[in-house]
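Chemist: One file: coords_6.txt (compact mmCIF, C-alpha atoms).
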# COMPACT_ATOMS: atom_id res chain seq x y z
CA MET A 1 32.05 -14.73 -10.96
CA GLU A 2 31.21 -16.50 -7.70
CA ASP A 3 31.20 -13.15 -5.88
CA PHE A 4 28.57 -11.79 -8.29
CA LYS A 5 26.30 -14.81 -7.76
CA GLU A 6 26.60 -14.42 -4.01
CA PHE A 7 25.91 -10.68 -4.25
CA TRP A 8 22.91 -11.30 -6.52
CA ASN A 9 21.45 -13.96 -4.22
CA ARG A 10 21.82 -11.72 -1.16
CA ASN A 11 20.39 -8.56 -2.76
CA LYS A 12 18.01 -9.86 -5.42
CA GLY A 13 14.90 -8.31 -3.88
CA ILE A 14 16.49 -4.90 -3.40
CA ILE A 15 17.84 -4.79 -6.95
CA LEU A 16 14.51 -5.79 -8.48
CA GLY A 17 12.55 -3.39 -6.27
CA VAL A 18 14.78 -0.43 -7.12
CA THR A 19 14.60 -1.30 -10.83
CA VAL A 20 10.80 -1.40 -10.75
CA ALA A 21 10.69 1.90 -8.82
CA ILE A 22 12.95 3.59 -11.37
CA ILE A 23 10.80 2.34 -14.25
CA LEU A 24 7.64 3.59 -12.53
CA LEU A 25 9.16 7.02 -11.89
CA ILE A 26 10.41 7.36 -15.47
CA THR A 27 7.10 6.35 -17.06
CA GLY A 28 4.83 8.21 -14.62
CA LEU A 29 2.84 5.08 -13.79
CA GLN A 30 3.15 5.76 -10.06
CA GLN A 31 0.13 8.10 -10.29
CA LEU A 32 -1.97 5.30 -11.74
CA ILE A 33 -0.79 2.85 -9.08
CA ILE A 34 -1.46 5.34 -6.26
CA GLY A 35 -4.94 5.94 -7.69
CA LEU A 36 -5.70 2.23 -7.85
CA VAL A 37 -4.45 1.69 -4.30
CA LEU A 38 -6.66 4.53 -3.06
CA ILE A 39 -9.69 3.12 -4.89
CA PHE A 40 -9.21 -0.35 -3.37
CA ALA A 41 -8.44 1.03 0.11
CA CYS A 42 -11.57 3.20 0.10
CA GLY A 43 -13.59 0.24 -1.14
CA PHE A 44 -12.41 -1.95 1.74
CA ILE A 45 -13.02 0.82 4.27
CA GLY A 46 -16.51 1.42 2.90
CA ASP A 47 -17.28 -2.30 3.01
CA TYR A 48 -16.08 -2.53 6.63
CA ILE A 49 -18.19 0.44 7.66
CA TYR A 50 -21.25 -0.94 5.87
CA LYS A 51 -20.92 -4.37 7.50
CA ASN A 52 -20.20 -2.98 10.99
CA LYS A 53 -22.48 0.07 11.14
CA GLU A 54 -23.34 -0.10 14.83
CA GLU A 55 -19.78 -0.80 15.98
CA VAL A 56 -18.42 2.06 13.86
CA LYS A 57 -21.16 4.36 15.15
CA GLU A 58 -20.24 3.55 18.78
CA LYS A 59 -16.50 4.00 18.18
CA THR A 60 -17.09 7.31 16.41
CA LYS A 61 -19.30 8.56 19.24
CA LYS A 62 -16.70 7.58 21.86
CA PHE A 63 -13.96 9.30 19.84
CA ILE A 64 -16.00 12.50 19.52
CA ASP A 65 -16.85 12.44 23.25
CA LYS A 66 -13.11 12.26 24.08
CA LEU A 67 -12.49 15.42 22.06
Take the structure I supplied and represent it as structure tokens, if you would.
Modeler:
Amino acid sequence: MEDFKEFWNRNKGIILGVTVAIILLITGLQQLIIGLVLIFACGFIGDYIYKNKEEVKEKTKKFIDKL
């Protein structure tokens, strides 16, 4: 029994992560999660661009000039 406790304490995160991943794959919720992540990521990117218009404009121009 002591070996199991030691194994559990060492690998708790991996076991829980794999279990959650299996549940997500079985239920199909990964599409919802990917969609939500994309929505939040695009929101943060849009906010950054809006707040730093001039800096983004300069970086974009320099990037295009390099091409």
Chemist: Could you jot down the CA of Gly43 in chain A to CA of Leu67 in chain A separation for me, Å, one decimal place?
Modeler: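 About the pair CA of Gly43 in chain A and CA of Leu67 in chain A: they are 27.7 Å apart.
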Chemist: If I take CA of Leu16 in chain A and CA of Val37 in chain A, how far is one from the other in Å, to one decimal?
Modeler: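 Calculated distance between CA of Leu16 in chain A and CA of Val37 in chain A is 20.8 Å.
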Chemist: Which distance in Å separates CA of Phe40 in chain A and CA of Lys61 in chain A, to one decimal?
Modeler: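 Separation between CA of Phe40 in chain A and CA of Lys61 in chain A: 26.3 Å.
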